[in-house]
Amino acid sequence: MQVLKTRLPEWMQDWLEVIIPGSQILLILFVAWLLQRTLRRLVRRASAHYQLPNELLVPINGLIRWLIIASAALLVLERMGVSATVLWTAFTGFATVGAVAFFAAWSVLSNLFCALLIFTVRPFKIGDYIEVLDTAEKPGAKGRVVDINLLYTTLEDHGAATGHTAWLQIPNALVFQRVVRRFQGVPPPPAPPAATADAIANASPAAPTPVTPGPFNTP
């Protein structure tokens with residue numbers, strides 16, 4: 001800096017304190033813009049490779065954009081002469097508020113993260129017949145996957161009564177906390193309970209009701 005001041009005319013030396021920070025700020029903004037474009041392009045390629053829905057790209061791009069904007073804003077404020085102590089205090093305050101909001105919305109965020117896992121790991125896809133079980137021995141929610149969004153996986157209930165269509169909305173986080181049975185093709189219809197089936201099989205025709213002789217039915 002001192003060497004540059006000695007080689008420049010006197011009228012330009014007074015502007016160095018404005019030109020150099022201004023150039024640094026412009027460079028920070030350009031790098032932030034270039035980084036955002038690069039990351040968005042990478043996310044777009046990853047979504048095309050893993051066939052991610054557009055509903056999932058919106059929050060990912062928004063998160064990337066705001067992280068880059070916040071980082072660039074901190075660097076710009078530092079170039080403008082704002083104290084590092086003030087920036088650190090503001091950062092810790094925003095981080096505390098963000099942590100509280102994160103834990104307050106943990107259930108929603110867990111469903112969003114599990115939706116990302118479903119679209120990338122692909123334990124099942126739309127059109128598959130699955131059953132979500134508490135354990136492998138107990139029956140659970142069974143049906144055909146008709147929709148997967150950021151919060152729920154929707155099944156067309158396989159156990160609904162004939163002529164009635166019902167849907168089961170299962171939180172995405174619950175899918176990764178339970179046993180998932182995936183059927184190859186259409187599963188068989190639900191069997192009646194064993195006690196009911198035995199009662200129907202062992203039922204005998206009812207005995208005729210004895211007729212008590214009376215004054216009008218005497219042979």
# chains A, B, ... in the order shown; residues from 1 in each chain; ligands from 1
call {"tool": "residues_around", "arguments": {"residues": "Phe124 in chain A", "least_positions_apart": "5", "cutoff": "8 Å", "atoms": "only C-alpha atoms", "output": "list in words"}}
result
Ile118, Ile130 and Arg182 of chain A
call {"tool": "write_last_selection", "arguments": {"atoms": "all heavy atoms", "output": "compact mmCIF listing (two decimals), in the first residue's frame"}}
result
# COMPACT_ATOMS: atom_id res chain seq x y z
N ILE A 118 -35.61 -40.12 0.74
CA ILE A 118 -36.48 -40.99 -0.07
C ILE A 118 -36.21 -40.79 -1.55
O ILE A 118 -36.14 -41.75 -2.33
CB ILE A 118 -37.96 -40.71 0.27
CG1 ILE A 118 -38.29 -41.21 1.67
CG2 ILE A 118 -38.89 -41.38 -0.75
CD1 ILE A 118 -39.68 -40.86 2.14
N ILE A 130 -46.43 -50.91 -0.65
CA ILE A 130 -45.61 -51.04 0.55
C ILE A 130 -46.52 -51.19 1.76
O ILE A 130 -47.74 -50.93 1.70
CB ILE A 130 -44.67 -49.84 0.75
CG1 ILE A 130 -45.48 -48.56 1.02
CG2 ILE A 130 -43.74 -49.65 -0.44
CD1 ILE A 130 -44.62 -47.38 1.43
N ARG A 182 -41.94 -54.09 1.18
CA ARG A 182 -42.19 -53.71 -0.22
C ARG A 182 -42.63 -54.96 -0.99
O ARG A 182 -41.93 -55.97 -1.00
CB ARG A 182 -40.93 -53.12 -0.83
CG ARG A 182 -41.09 -52.62 -2.25
CD ARG A 182 -39.79 -52.00 -2.72
NE ARG A 182 -39.87 -51.55 -4.10
CZ ARG A 182 -38.85 -51.02 -4.76
NH1 ARG A 182 -37.69 -50.84 -4.15
NH2 ARG A 182 -38.99 -50.65 -6.02
call {"tool": "residues_around", "arguments": {"residues": "Met80 in chain A", "least_positions_apart": "6", "cutoff": "12 Å", "atoms": "only C-alpha atoms", "output": "list in words"}}
result
Glu17, Val18, Ile19, Ile20, Pro21, Gly22, Ser23, Gln24, Ile25, Leu26, Ala73, Leu74 and Leu87 of chain A
call {"tool": "write_last_selection", "arguments": {"atoms": "C-alpha atoms", "output": "short mmCIF file (atom, residue, chain, number, x, y, z; two decimals), in the first residue's frame"}}
result
data_model
loop_
_atom_site.label_atom_id
_atom_site.label_comp_id
_atom_site.auth_asym_id
_atom_site.auth_seq_id
_atom_site.Cartn_x
_atom_site.Cartn_y
_atom_site.Cartn_z
CA GLU A 17 -9.09 4.64 0.94
CA VAL A 18 -12.31 4.56 -1.09
CA ILE A 19 -11.13 2.77 -4.24
CA ILE A 20 -9.48 -0.21 -2.55
CA PRO A 21 -12.36 -1.12 -0.19
CA GLY A 22 -14.83 -0.50 -3.01
CA SER A 23 -12.91 -2.83 -5.30
CA GLN A 24 -12.81 -5.48 -2.57
CA ILE A 25 -16.56 -5.16 -2.04
CA LEU A 26 -17.22 -5.54 -5.77
CA ALA A 73 -22.89 -9.37 3.84
CA LEU A 74 -20.54 -10.14 6.74
CA LEU A 87 -19.92 -8.88 13.60
#
call {"tool": "residues_around", "arguments": {"residues": "range 63-69 of chain A", "least_positions_apart": "6", "cutoff": "9 Å", "atoms": "only C-alpha atoms", "output": "list in words"}}
result
Ala32, Trp33, Leu35, Gln36, Leu39 and Arg40 of chain A
call {"tool": "closest_atom_pairs", "arguments": {"of": "range 90-110 of chain A", "to": "range 143-164 of chain A", "cutoff": "10 Å", "atoms": "only C-alpha atoms", "output": "Markdown table"}}
result
| residue | atom | partner | partner_atom | distance |
| --- | --- | --- | --- | --- |
| A:Ser107 | CA | A:Leu151 | CA | 9.5 |
| A:Val108 | CA | A:Leu151 | CA | 7.1 |
| A:Leu109 | CA | A:Leu151 | CA | 8.8 |
| A:Ser110 | CA | A:Leu151 | CA | 8.8 |
call {"tool": "write_last_selection", "arguments": {"atoms": "C-alpha atoms", "output": "short mmCIF file (atom, residue, chain, number, x, y, z; two decimals), in the first residue's frame"}}
result
data_model
loop_
_atom_site.label_atom_id
_atom_site.label_comp_id
_atom_site.auth_asym_id
_atom_site.auth_seq_id
_atom_site.Cartn_x
_atom_site.Cartn_y
_atom_site.Cartn_z
CA SER A 107 -40.51 -32.32 13.21
CA VAL A 108 -41.03 -30.40 9.98
CA LEU A 109 -37.32 -30.30 9.18
CA SER A 110 -36.95 -34.02 9.86
#
call {"tool": "select_by_dssp", "arguments": {"residues": "range 20-148 of chain A", "states": "alpha helix (DSSP H)", "output": "PDB file with C-alpha atoms, in the first residue's frame"}}
result
ATOM      1  CA  ILE A  20      -9.478  -0.210  -2.550  1.00  0.00           C
ATOM      2  CA  PRO A  21     -12.359  -1.123  -0.187  1.00  0.00           C
ATOM      3  CA  GLY A  22     -14.826  -0.502  -3.011  1.00  0.00           C
ATOM      4  CA  SER A  23     -12.906  -2.833  -5.296  1.00  0.00           C
ATOM      5  CA  GLN A  24     -12.808  -5.476  -2.572  1.00  0.00           C
ATOM      6  CA  ILE A  25     -16.562  -5.163  -2.036  1.00  0.00           C
ATOM      7  CA  LEU A  26     -17.221  -5.537  -5.766  1.00  0.00           C
ATOM      8  CA  LEU A  27     -14.964  -8.586  -5.841  1.00  0.00           C
ATOM      9  CA  ILE A  28     -16.813 -10.141  -2.895  1.00  0.00           C
ATOM     10  CA  LEU A  29     -20.169  -9.565  -4.592  1.00  0.00           C
ATOM     11  CA  PHE A  30     -18.907 -11.017  -7.877  1.00  0.00           C
ATOM     12  CA  VAL A  31     -17.521 -14.137  -6.174  1.00  0.00           C
ATOM     13  CA  ALA A  32     -20.774 -14.598  -4.257  1.00  0.00           C
ATOM     14  CA  TRP A  33     -22.810 -14.305  -7.461  1.00  0.00           C
ATOM     15  CA  LEU A  34     -20.505 -16.726  -9.292  1.00  0.00           C
ATOM     16  CA  LEU A  35     -20.607 -19.211  -6.394  1.00  0.00           C
ATOM     17  CA  GLN A  36     -24.399 -19.090  -6.271  1.00  0.00           C
ATOM     18  CA  ARG A  37     -24.682 -19.784 -10.014  1.00  0.00           C
ATOM     19  CA  THR A  38     -22.208 -22.664  -9.771  1.00  0.00           C
ATOM     20  CA  LEU A  39     -23.979 -24.291  -6.825  1.00  0.00           C
ATOM     21  CA  ARG A  40     -27.393 -23.907  -8.438  1.00  0.00           C
ATOM     22  CA  ARG A  41     -26.075 -25.573 -11.580  1.00  0.00           C
ATOM     23  CA  LEU A  42     -24.676 -28.453  -9.514  1.00  0.00           C
ATOM     24  CA  VAL A  43     -27.990 -28.840  -7.687  1.00  0.00           C
ATOM     25  CA  ARG A  44     -29.842 -28.853 -11.018  1.00  0.00           C
ATOM     26  CA  ARG A  45     -27.586 -31.592 -12.371  1.00  0.00           C
ATOM     27  CA  ALA A  46     -27.973 -33.630  -9.192  1.00  0.00           C
ATOM     28  CA  SER A  47     -31.763 -33.269  -9.364  1.00  0.00           C
ATOM     29  CA  ALA A  48     -31.763 -34.471 -12.980  1.00  0.00           C
ATOM     30  CA  HIS A  49     -29.549 -37.429 -12.069  1.00  0.00           C
ATOM     31  CA  TYR A  50     -31.617 -38.493  -9.039  1.00  0.00           C
ATOM     32  CA  ASN A  54     -39.195 -29.393  -8.259  1.00  0.00           C
ATOM     33  CA  GLU A  55     -40.765 -29.022  -4.796  1.00  0.00           C
ATOM     34  CA  LEU A  56     -37.486 -30.181  -3.271  1.00  0.00           C
ATOM     35  CA  LEU A  57     -35.303 -27.839  -5.335  1.00  0.00           C
ATOM     36  CA  VAL A  58     -36.989 -24.670  -4.051  1.00  0.00           C
ATOM     37  CA  PRO A  59     -35.914 -24.991  -0.373  1.00  0.00           C
ATOM     38  CA  ILE A  60     -32.421 -26.222  -1.357  1.00  0.00           C
ATOM     39  CA  ASN A  61     -31.813 -23.266  -3.669  1.00  0.00           C
ATOM     40  CA  GLY A  62     -33.249 -20.912  -1.067  1.00  0.00           C
ATOM     41  CA  LEU A  63     -30.926 -22.257   1.623  1.00  0.00           C
ATOM     42  CA  ILE A  64     -27.894 -21.905  -0.640  1.00  0.00           C
ATOM     43  CA  ARG A  65     -28.880 -18.371  -1.652  1.00  0.00           C
ATOM     44  CA  TRP A  66     -29.368 -17.119   1.910  1.00  0.00           C
ATOM     45  CA  LEU A  67     -26.158 -18.709   3.182  1.00  0.00           C
ATOM     46  CA  ILE A  68     -24.173 -17.006   0.419  1.00  0.00           C
ATOM     47  CA  ILE A  69     -25.949 -13.673   0.984  1.00  0.00           C
ATOM     48  CA  ALA A  70     -25.280 -13.790   4.737  1.00  0.00           C
ATOM     49  CA  SER A  71     -21.600 -14.655   4.226  1.00  0.00           C
ATOM     50  CA  ALA A  72     -21.152 -11.925   1.611  1.00  0.00           C
ATOM     51  CA  ALA A  73     -22.886  -9.371   3.838  1.00  0.00           C
ATOM     52  CA  LEU A  74     -20.535 -10.138   6.745  1.00  0.00           C
ATOM     53  CA  LEU A  75     -17.486  -9.754   4.489  1.00  0.00           C
ATOM     54  CA  VAL A  76     -18.799  -6.494   3.021  1.00  0.00           C
ATOM     55  CA  LEU A  77     -19.460  -5.053   6.473  1.00  0.00           C
ATOM     56  CA  GLU A  78     -15.963  -5.997   7.525  1.00  0.00           C
ATOM     57  CA  ARG A  79     -14.513  -4.217   4.456  1.00  0.00           C
ATOM     58  CA  ALA A  84     -15.100  -7.803  14.083  1.00  0.00           C
ATOM     59  CA  THR A  85     -16.449  -7.903  17.637  1.00  0.00           C
ATOM     60  CA  VAL A  86     -19.740  -6.405  16.477  1.00  0.00           C
ATOM     61  CA  LEU A  87     -19.924  -8.882  13.600  1.00  0.00           C
ATOM     62  CA  TRP A  88     -19.213 -11.827  15.919  1.00  0.00           C
ATOM     63  CA  THR A  89     -21.864 -10.644  18.396  1.00  0.00           C
ATOM     64  CA  ALA A  90     -24.409 -10.305  15.614  1.00  0.00           C
ATOM     65  CA  PHE A  91     -23.456 -13.719  14.212  1.00  0.00           C
ATOM     66  CA  THR A  92     -23.803 -15.465  17.573  1.00  0.00           C
ATOM     67  CA  GLY A  93     -27.162 -13.765  18.130  1.00  0.00           C
ATOM     68  CA  PHE A  94     -28.486 -14.903  14.755  1.00  0.00           C
ATOM     69  CA  ALA A  95     -27.054 -18.382  15.361  1.00  0.00           C
ATOM     70  CA  THR A  96     -28.864 -18.612  18.708  1.00  0.00           C
ATOM     71  CA  VAL A  97     -32.155 -17.556  17.151  1.00  0.00           C
ATOM     72  CA  GLY A  98     -31.600 -20.012  14.304  1.00  0.00           C
ATOM     73  CA  ALA A  99     -30.870 -22.849  16.746  1.00  0.00           C
ATOM     74  CA  VAL A 100     -34.053 -22.139  18.701  1.00  0.00           C
ATOM     75  CA  ALA A 101     -36.093 -22.022  15.482  1.00  0.00           C
ATOM     76  CA  PHE A 102     -34.425 -25.240  14.316  1.00  0.00           C
ATOM     77  CA  PHE A 103     -35.411 -27.182  17.424  1.00  0.00           C
ATOM     78  CA  ALA A 104     -38.897 -25.641  17.405  1.00  0.00           C
ATOM     79  CA  TRP A 106     -37.571 -30.120  14.229  1.00  0.00           C
ATOM     80  CA  SER A 107     -40.513 -32.323  13.212  1.00  0.00           C
ATOM     81  CA  VAL A 108     -41.030 -30.396   9.978  1.00  0.00           C
ATOM     82  CA  LEU A 109     -37.323 -30.297   9.184  1.00  0.00           C
ATOM     83  CA  SER A 110     -36.951 -34.020   9.862  1.00  0.00           C
ATOM     84  CA  ASN A 111     -39.728 -34.722   7.364  1.00  0.00           C
ATOM     85  CA  LEU A 112     -37.964 -32.500   4.807  1.00  0.00           C
ATOM     86  CA  PHE A 113     -34.660 -34.297   5.335  1.00  0.00           C
ATOM     87  CA  CYS A 114     -36.326 -37.711   5.112  1.00  0.00           C
ATOM     88  CA  ALA A 115     -38.039 -36.627   1.880  1.00  0.00           C
ATOM     89  CA  LEU A 116     -34.584 -35.874   0.474  1.00  0.00           C
ATOM     90  CA  LEU A 117     -33.448 -39.362   1.550  1.00  0.00           C
ATOM     91  CA  ILE A 118     -36.483 -40.988  -0.067  1.00  0.00           C
ATOM     92  CA  PHE A 119     -35.779 -39.255  -3.379  1.00  0.00           C
ATOM     93  CA  THR A 120     -32.047 -40.115  -3.319  1.00  0.00           C
ATOM     94  CA  VAL A 121     -31.907 -43.553  -1.645  1.00  0.00           C
TER      95      VAL A 121
END
call {"tool": "atom_distance", "arguments": {"atom1": "CA of Arg178 in chain A", "atom2": "CA of Asp134 in chain A"}}
result
5.5 Å
call {"tool": "select_by_dssp", "arguments": {"residues": "range 48-191 of chain A", "states": "strand (DSSP E or B)", "output": "number ranges by chain"}}
result
A: 129-133, 141-148, 152-157, 167-171, 179-183
call {"tool": "atom_distance", "arguments": {"atom1": "CA of Lys142 in chain A", "atom2": "CA of Arg181 in chain A"}}
result
8.8 Å
call {"tool": "closest_residue", "arguments": {"among": "A:Pro188, A:Gly81, A:Pro123, A:Lys138", "to": "Val175 in chain A", "atoms": "only C-alpha atoms"}}
result
A:Pro123
